[in-house]
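> Shown below is the structure under consideration.
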Number of protein chains: 2
Amino acid sequence: MTELYGAIEAGGTKFVCMVGTGPDDIRAETRFATTSPERTLQQALNFLSAEQDRQGPLAAVGIASFGPVDLRPDSPTYGYITSTPKPGWSNVSIAGATRAALGVPVGFDTDVNAAALAEQRWGAGRGLHSFIYLTIGTGIGGGGLLDGKLTHGLVHREMGHIRVPHDLAADPFAGICPFHGDCLEGLASGPAMNARWRQPAEELPDDHPAWALEARYLALALATFVCTLSPQRIIMGGGVMSKPFLFPLIRRNLLELLNNYVRTPEILDHVESFVVPPALGTRAGALGGLALAADVA
Amino acid sequence: MTELYGAIEAGGTKFVCMVGTGPDDIRAETRFATTSPERTLQQALNFLSAEQDRQGPLAAVGIASFGPVDLRPDSPTYGYITSTPKPGWSNVSIAGATRAALGVPVGFDTDVNAAALAEQRWGAGRGLHSFIYLTIGTGIGGGGLLDGKLTHGLVHREMGHIRVPHDLAADPFAGICPFHGDCLEGLASGPAMNARWRQPAEELPDDHPAWALEARYLALALATFVCTLSPQRIIMGGGVMSKPFLFPLIRRNLLELLNNYVRTPEILDHVESFVVPPALGTRAGALGGLALAADVA
């Protein structure tokens, strides 16, 4: 009998909770708005606890969390959201509260690392040992596997906050990141597009110059990630990437920027499978929770 | 009895070969100019073979190579230098030739990954699981460990070729990278400084504006590496970094660029131990060969 897992995708605007074994076997799912930590966590734990009564014991729970988070297993604040600008959510223990309430092993990682794990197990990262999962939406974040493992380093990646070349003559927009102004997230997130063009990104027509600029910034970031992480593939999801015509634009810009420097057929001959959309869509984060759970069960 | 290892640091301008067990026990060392692959490799193998006759058997040999190299163990060209612009050196088997000539296990990695391994074992990376080793000289390269392991990904890192913001009003220099123009290496390597200021970098006086600009570009790169790799420390070596006053300049720029975004005491409170020079100096690469050898022996 396959073990049953619980998942919590803790997002800054909404939570998604699931019980199941994988994408083809989701036994129960719920989503609700992120309010106060006490109330939101209680909703998640009530759901998992009720499902446990109904469907039988959960072998483990996995949490895919917005950040920054503490991922150091030996830290006294392991499993906490740490210094987020989101009001009320700094220094909140998520993993500990879940373990205490449900009495099961708890896996914990960033939302983007969890999504990467789900894509590796069931989606666009199958068979790969090194790839990047990016989300371009309200913010820009990235995670992934390197040589077969989720990696963390000192804290965890903050891939949305790299600086990219910004030609002020071509794009005088100053950027909206409260920390860095014109970092990648400040120039190319959904809210940055909204602010620059004074209308929601999803309403910009397909032939609007916004998209060529967006593809350029994203390709500049991808070129940097190719040079710093050497992925076998880059999976790009999130609200902004729901426009399919962005993918060929980004691929063309990336090849131009790399200019035959990294000579490998995966990039030069098969760029259409080097930069791809996620296979698991908006469920990647919560499914990542199930994958994290399976790994600690 | 400690086992004896051989090391080859294969550089684009010179080779360094060693026999020993570590930095405090180097039994023999030689260096010579890089000429043709046949002649240069023969010199290296003759040295190791003669030392083996003199000092007893080598348990293994480690090779720290300039690149690009093929690091995939299951590849038919594993241990090759692949598509280098250096005349004559494309598609040269280094690891295979060494194994065939000496009949011992051979470890093989990039020069910067090998240097990082040596710094972890004997130098500025002791006790760390995640850090970056950068060299800023004729070129700019980077390697390092992530969560305790040397990582490779699809090919290996090419950290010198990231794009950084380039303010053409403040610095109209176009950059010298033959592939990318004004990537980091194109703007901030030793030859880039020579070309911009029309004199060798090492002859520029300490109060020359060149150094503030250099520190800025390097700090921009460090900020990107912090966001993409989350290192516990960044070790900066190479000819350009032989000016000690660069370190405080770079640290100050890095803190300003991160602007309290990555809130961890290792960066915010101890930046002087976050950005540091190598402990092993110019010997890190060859010592990395000994470390690679120890790992495959």
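Quick note on naming: the chains in the structure tokens go A, B, ... in the order shown, residues restart at 1 in each chain, and ligands are numbered from 1 in order of appearance.
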Write out, as CSV, each residue of chain B that has an atom at most 8 Å from chain A, together with the closest pair of atoms and their distance in Å to one decimal, counting only C-alpha atoms, rows going by chain and rising number.


```
residue,atom,partner,partner_atom,distance
B:Ser83,CA,A:Arg263,CA,7.4
B:His129,CA,A:Gly153,CA,7.4
B:Ser130,CA,A:Gly153,CA,5.2
B:Phe131,CA,A:Gly153,CA,7.9
B:Leu146,CA,A:Gly153,CA,5.9
B:Asp147,CA,A:Gly153,CA,5.7
B:Thr151,CA,A:Asp147,CA,6.3
B:His152,CA,A:Asp147,CA,6.8
B:Gly153,CA,A:Ser230,CA,5.0
B:Leu154,CA,A:Gln232,CA,5.0
B:Val155,CA,A:Ser230,CA,6.0
B:His156,CA,A:Ser230,CA,5.7
B:Arg157,CA,A:Thr228,CA,5.2
B:Glu158,CA,A:Cys227,CA,4.6
B:Met159,CA,A:Thr228,CA,5.1
B:Gly160,CA,A:Cys227,CA,7.7
B:His161,CA,A:Cys227,CA,6.4
B:Ile162,CA,A:Thr224,CA,4.9
B:Arg163,CA,A:Thr224,CA,6.6
B:Val164,CA,A:Pro165,CA,5.7
B:Pro165,CA,A:Pro165,CA,4.0
B:His166,CA,A:Pro165,CA,6.4
B:Phe179,CA,A:Asn259,CA,6.1
B:His180,CA,A:Asn259,CA,7.1
B:Leu220,CA,A:Arg163,CA,7.3
B:Ala223,CA,A:Ile162,CA,7.0
B:Thr224,CA,A:Ile162,CA,4.9
B:Phe225,CA,A:Thr228,CA,7.4
B:Val226,CA,A:Arg157,CA,7.6
B:Cys227,CA,A:Glu158,CA,4.6
B:Thr228,CA,A:Met159,CA,5.1
B:Leu229,CA,A:Arg157,CA,6.0
B:Ser230,CA,A:Gly153,CA,5.0
B:Pro231,CA,A:Leu154,CA,5.4
B:Gln232,CA,A:Leu154,CA,5.0
B:Leu257,CA,A:His180,CA,7.2
B:Leu258,CA,A:His180,CA,7.4
B:Asn259,CA,A:Phe179,CA,6.1
B:Asn260,CA,A:Phe179,CA,7.7
B:Tyr261,CA,A:Phe179,CA,6.5
B:Arg263,CA,A:Ser83,CA,7.4
B:Thr264,CA,A:Val155,CA,7.9
```

> Need to verify the contact set: Ala114 (chain B), 8 Å, only C-alpha atoms, exclusion of same-chain residues closer than 6 positions in sequence. Can you return it as a CSV table (one decimal) with N, CA, C and O atoms, in the first residue's frame?


```
chain,number,residue,atom,x,y,z
B,64,ALA,N,44.1,19.6,-12.2
B,64,ALA,CA,43.3,20.8,-12.1
B,64,ALA,C,43.5,21.6,-13.4
B,64,ALA,O,44.6,22.1,-13.7
B,284,ALA,N,47.1,27.2,-4.8
B,284,ALA,CA,45.8,26.6,-4.6
B,284,ALA,C,45.5,25.6,-5.7
B,284,ALA,O,45.0,24.5,-5.4
B,285,GLY,N,45.8,25.9,-6.9
B,285,GLY,CA,45.4,25.1,-8.0
B,285,GLY,C,46.1,23.7,-8.0
B,285,GLY,O,45.5,22.7,-8.1
B,286,ALA,N,47.5,23.8,-7.9
B,286,ALA,CA,48.2,22.5,-7.8
B,286,ALA,C,47.9,21.7,-6.6
B,286,ALA,O,47.8,20.5,-6.6
B,287,LEU,N,47.8,22.4,-5.4
B,287,LEU,CA,47.4,21.7,-4.2
B,287,LEU,C,46.0,21.0,-4.4
B,287,LEU,O,45.7,20.0,-3.9
B,288,GLY,N,45.1,21.7,-5.2
B,288,GLY,CA,43.8,21.1,-5.5
B,288,GLY,C,44.0,19.8,-6.3
B,288,GLY,O,43.2,18.9,-6.1
B,289,GLY,N,45.1,19.7,-7.1
B,289,GLY,CA,45.4,18.5,-7.8
B,289,GLY,C,45.7,17.4,-6.7
B,289,GLY,O,45.2,16.3,-6.9
B,291,ALA,N,44.5,17.3,-3.7
B,291,ALA,CA,43.2,17.0,-3.0
B,291,ALA,C,42.4,16.1,-3.9
B,291,ALA,O,41.7,15.1,-3.4
B,292,LEU,N,42.3,16.4,-5.2
B,292,LEU,CA,41.5,15.6,-6.1
B,292,LEU,C,42.1,14.1,-6.2
B,292,LEU,O,41.4,13.2,-6.2
```

> Just the residues within 8 Å of Phe15 (chain A), please, counting only C-alpha atoms, with nothing from its chain fewer than 5 positions along; format it as a list in words.

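Surrounding residues, per the criterion: Ile8, Glu9, Ala10, Arg31, Phe32, Ala33, Thr34, Thr40 and Ala44 of chain A.
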
> Among region 141-229 of chain A, which ones does DSSP place in strand (DSSP E), written as a PyMOL selection string?

chain A and resi 141-146+149-150

> Could you pull out the alpha helix (DSSP H) residues of region 22-59 of chain B, going by DSSP on the backbone, and write them as a list in words?

Pro37, Glu38, Arg39, Thr40, Leu41, Gln42, Gln43, Ala44, Leu45, Asn46, Phe47, Leu48, Ser49, Ala50, Glu51, Gln52, Asp53, Arg54 and Gln55 of chain B

> I'd like the contact shell of Ala297 (chain B) - 9 Å cut-off, only C-alpha atoms, skipping same-chain residues fewer than 4 positions apart - returned as an mmCIF file with N, CA, C and O atoms, in the first residue's frame.


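For reference, part33.cif as written:
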```cif
data_model
loop_
_atom_site.group_PDB
_atom_site.id
_atom_site.type_symbol
_atom_site.label_atom_id
_atom_site.label_comp_id
_atom_site.auth_asym_id
_atom_site.auth_seq_id
_atom_site.Cartn_x
_atom_site.Cartn_y
_atom_site.Cartn_z
ATOM 1 N N GLU B 3 49.743 8.161 2.089
ATOM 2 C CA GLU B 3 49.953 7.912 0.663
ATOM 3 C C GLU B 3 50.465 9.158 -0.036
ATOM 4 O O GLU B 3 50.162 10.287 0.358
ATOM 5 N N TYR B 5 50.777 11.515 -3.442
ATOM 6 C CA TYR B 5 49.946 11.853 -4.598
ATOM 7 C C TYR B 5 50.717 12.720 -5.591
ATOM 8 O O TYR B 5 51.647 13.444 -5.214
ATOM 9 N N ALA B 59 49.780 7.090 -5.202
ATOM 10 C CA ALA B 59 48.498 6.395 -5.023
ATOM 11 C C ALA B 59 47.474 6.874 -6.044
ATOM 12 O O ALA B 59 46.535 6.160 -6.392
ATOM 13 N N ALA B 60 47.636 8.098 -6.519
ATOM 14 C CA ALA B 60 46.718 8.663 -7.512
ATOM 15 C C ALA B 60 47.292 9.994 -7.984
ATOM 16 O O ALA B 60 48.202 10.552 -7.363
ATOM 17 N N VAL B 61 46.752 10.491 -9.093
ATOM 18 C CA VAL B 61 47.137 11.807 -9.606
ATOM 19 C C VAL B 61 45.870 12.635 -9.771
ATOM 20 O O VAL B 61 44.831 12.112 -10.198
ATOM 21 N N VAL B 104 47.673 4.838 -12.703
ATOM 22 C CA VAL B 104 47.087 5.094 -11.378
ATOM 23 C C VAL B 104 45.723 5.769 -11.561
ATOM 24 O O VAL B 104 45.443 6.320 -12.632
ATOM 25 N N PRO B 105 44.871 5.742 -10.536
ATOM 26 C CA PRO B 105 43.606 6.480 -10.619
ATOM 27 C C PRO B 105 43.877 7.965 -10.809
ATOM 28 O O PRO B 105 44.853 8.503 -10.265
ATOM 29 N N VAL B 106 43.011 8.620 -11.598
ATOM 30 C CA VAL B 106 43.209 10.037 -11.908
ATOM 31 C C VAL B 106 41.945 10.825 -11.560
ATOM 32 O O VAL B 106 40.850 10.476 -12.021
ATOM 33 N N GLY B 107 42.096 11.839 -10.732
ATOM 34 C CA GLY B 107 41.000 12.772 -10.454
ATOM 35 C C GLY B 107 41.109 13.961 -11.390
ATOM 36 O O GLY B 107 42.216 14.353 -11.774
ATOM 37 N N LEU B 292 42.315 16.406 -5.206
ATOM 38 C CA LEU B 292 41.542 15.562 -6.132
ATOM 39 C C LEU B 292 42.103 14.143 -6.163
ATOM 40 O O LEU B 292 41.360 13.168 -6.215
ATOM 41 N N ALA B 293 43.439 14.036 -6.134
ATOM 42 C CA ALA B 293 44.076 12.714 -6.136
ATOM 43 C C ALA B 293 43.680 11.946 -4.885
ATOM 44 O O ALA B 293 43.302 10.767 -4.968
#
```

> Under the rule that only C-alpha atoms are counted, which of A:Leu218, A:Pro37, A:Phe245, A:Leu58 is the nearest residue to Val296 (chain A)?

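Once distances to Val296 (chain A) are computed over only C-alpha atoms, the minimum belongs to A:Leu58.
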
> Could you tell me how far CA of Pro172 (chain A) lies from CA of Leu187 (chain A), in Å and to one decimal?

10.6 Å

> Would you pick out the contacts of Met236 (chain B) at 12 Å or less, using only C-alpha atoms, so that residues sharing its chain but fewer than 2 positions from it are not included, and give the list as a ChimeraX atom specification?

/B:112,115-116,119,124-125,131-137,140-144,215,218-219,221-222,233-234,238-244,246-247,250-251,273-282,284

> Limited to N, CA and C atoms, could you put the picked residues into a file as a short mmCIF file (atom, residue, chain, number, x, y, z; two decimals), in the first residue's frame?


```cif
data_model
loop_
_atom_site.label_atom_id
_atom_site.label_comp_id
_atom_site.auth_asym_id
_atom_site.auth_seq_id
_atom_site.Cartn_x
_atom_site.Cartn_y
_atom_site.Cartn_z
N VAL B 112 39.57 25.95 -10.99
CA VAL B 112 38.95 26.69 -9.88
C VAL B 112 38.22 25.77 -8.90
N ALA B 115 41.04 24.30 -6.87
CA ALA B 115 41.55 25.28 -5.91
C ALA B 115 40.60 25.41 -4.72
N ALA B 116 39.30 25.39 -5.02
CA ALA B 116 38.31 25.47 -3.94
C ALA B 116 38.46 24.27 -3.00
N GLU B 119 41.40 24.81 -0.81
CA GLU B 119 41.11 25.81 0.23
C GLU B 119 40.22 25.22 1.32
N ALA B 124 41.29 28.68 3.36
CA ALA B 124 40.27 29.65 3.78
C ALA B 124 38.85 29.09 3.72
N GLY B 125 38.71 27.84 3.32
CA GLY B 125 37.37 27.24 3.26
C GLY B 125 37.18 26.15 4.31
N PHE B 131 30.91 27.43 -0.41
CA PHE B 131 31.64 28.67 -0.65
C PHE B 131 32.10 28.73 -2.10
N ILE B 132 32.49 29.93 -2.50
CA ILE B 132 32.92 30.18 -3.87
C ILE B 132 34.40 30.52 -3.87
N TYR B 133 35.12 30.01 -4.85
CA TYR B 133 36.50 30.40 -5.07
C TYR B 133 36.56 31.11 -6.42
N LEU B 134 36.99 32.37 -6.41
CA LEU B 134 37.08 33.13 -7.66
C LEU B 134 38.53 33.47 -7.94
N THR B 135 38.89 33.49 -9.21
CA THR B 135 40.20 34.01 -9.58
C THR B 135 40.01 35.14 -10.57
N ILE B 136 40.64 36.27 -10.29
CA ILE B 136 40.52 37.43 -11.15
C ILE B 136 41.93 37.75 -11.63
N GLY B 137 42.22 37.39 -12.87
CA GLY B 137 43.56 37.58 -13.41
C GLY B 137 43.44 37.75 -14.92
N ILE B 140 38.58 35.53 -15.69
CA ILE B 140 37.87 35.45 -14.41
C ILE B 140 37.14 34.12 -14.39
N GLY B 141 37.40 33.33 -13.35
CA GLY B 141 36.76 32.03 -13.25
C GLY B 141 36.31 31.79 -11.83
N GLY B 142 35.39 30.86 -11.68
CA GLY B 142 34.90 30.56 -10.34
C GLY B 142 34.50 29.12 -10.20
N GLY B 143 34.71 28.59 -9.00
CA GLY B 143 34.28 27.25 -8.66
C GLY B 143 33.84 27.26 -7.22
N GLY B 144 33.66 26.08 -6.66
CA GLY B 144 33.31 26.05 -5.25
C GLY B 144 32.55 24.83 -4.86
N ALA B 215 36.47 47.53 -8.15
CA ALA B 215 35.78 47.03 -6.94
C ALA B 215 34.27 47.00 -7.17
N LEU B 218 33.40 44.01 -9.47
CA LEU B 218 33.54 42.73 -8.75
C LEU B 218 32.45 42.58 -7.71
N ALA B 219 32.07 43.67 -7.03
CA ALA B 219 31.00 43.60 -6.04
C ALA B 219 29.65 43.30 -6.70
N ALA B 221 29.27 41.45 -9.28
CA ALA B 221 29.31 40.00 -9.52
C ALA B 221 29.08 39.24 -8.22
N LEU B 222 29.71 39.67 -7.14
CA LEU B 222 29.54 38.98 -5.86
C LEU B 222 28.07 39.01 -5.42
N ARG B 233 30.96 31.89 2.19
CA ARG B 233 32.16 32.73 2.07
C ARG B 233 32.52 32.84 0.60
N ILE B 234 33.18 33.93 0.23
CA ILE B 234 33.69 34.10 -1.13
C ILE B 234 35.19 34.37 -1.03
N GLY B 238 43.88 35.45 -7.53
CA GLY B 238 44.28 35.86 -8.88
C GLY B 238 45.07 37.15 -8.84
N GLY B 239 45.77 37.41 -9.94
CA GLY B 239 46.70 38.55 -9.99
C GLY B 239 46.09 39.88 -9.60
N VAL B 240 44.89 40.17 -10.11
CA VAL B 240 44.27 41.47 -9.83
C VAL B 240 44.03 41.65 -8.33
N MET B 241 43.72 40.56 -7.62
CA MET B 241 43.39 40.64 -6.20
C MET B 241 44.63 40.72 -5.30
N SER B 242 45.80 40.82 -5.90
CA SER B 242 47.00 40.94 -5.07
C SER B 242 47.12 42.32 -4.43
N LYS B 243 46.23 43.25 -4.75
CA LYS B 243 46.19 44.56 -4.08
C LYS B 243 45.28 44.44 -2.85
N PRO B 244 45.84 44.41 -1.65
CA PRO B 244 45.00 44.16 -0.46
C PRO B 244 43.91 45.22 -0.25
N LEU B 246 41.86 46.32 -2.22
CA LEU B 246 40.63 46.02 -2.95
C LEU B 246 39.58 45.36 -2.05
N PHE B 247 40.04 44.58 -1.09
CA PHE B 247 39.07 43.81 -0.28
C PHE B 247 38.08 44.70 0.48
N ILE B 250 35.63 46.27 -1.99
CA ILE B 250 34.64 45.31 -2.52
C ILE B 250 33.59 45.00 -1.46
N ARG B 251 34.04 44.79 -0.22
CA ARG B 251 33.08 44.48 0.87
C ARG B 251 32.08 45.60 1.04
N SER B 273 35.02 38.51 7.07
CA SER B 273 35.32 37.08 6.90
C SER B 273 34.41 36.44 5.85
N PHE B 274 33.56 37.25 5.22
CA PHE B 274 32.70 36.74 4.14
C PHE B 274 33.42 36.86 2.78
N VAL B 275 34.16 37.93 2.59
CA VAL B 275 34.95 38.13 1.36
C VAL B 275 36.42 38.15 1.76
N VAL B 276 37.16 37.12 1.37
CA VAL B 276 38.53 36.97 1.87
C VAL B 276 39.49 36.55 0.76
N PRO B 277 40.80 36.78 0.98
CA PRO B 277 41.79 36.24 0.04
C PRO B 277 41.99 34.75 0.29
N PRO B 278 42.57 34.03 -0.70
CA PRO B 278 42.87 32.61 -0.50
C PRO B 278 43.94 32.47 0.59
N ALA B 279 43.97 31.34 1.28
CA ALA B 279 45.04 31.08 2.24
C ALA B 279 46.21 30.40 1.57
N LEU B 280 45.98 29.78 0.41
CA LEU B 280 47.03 28.98 -0.22
C LEU B 280 47.72 29.71 -1.37
N GLY B 281 47.33 30.95 -1.59
CA GLY B 281 47.99 31.77 -2.61
C GLY B 281 47.98 31.13 -3.97
N THR B 282 49.07 31.30 -4.70
CA THR B 282 49.12 30.82 -6.08
C THR B 282 49.27 29.31 -6.16
N ALA B 284 47.14 27.22 -4.80
CA ALA B 284 45.84 26.56 -4.57
C ALA B 284 45.50 25.57 -5.68
#
```

> Just checking: using only C-alpha atoms, which residue out of B:Thr13, B:Ser65, B:Leu71, B:Gln55 ends up closest to Thr35 (chain B)?

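Using only C-alpha atoms, the shortest distance to Thr35 (chain B) belongs to B:Thr13.
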
> So how many Å separate CA of Cys17 (chain A) and CA of Leu41 (chain A), to one decimal?

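Answer for the CA of Cys17 (chain A) to CA of Leu41 (chain A) separation: 10.6 Å.
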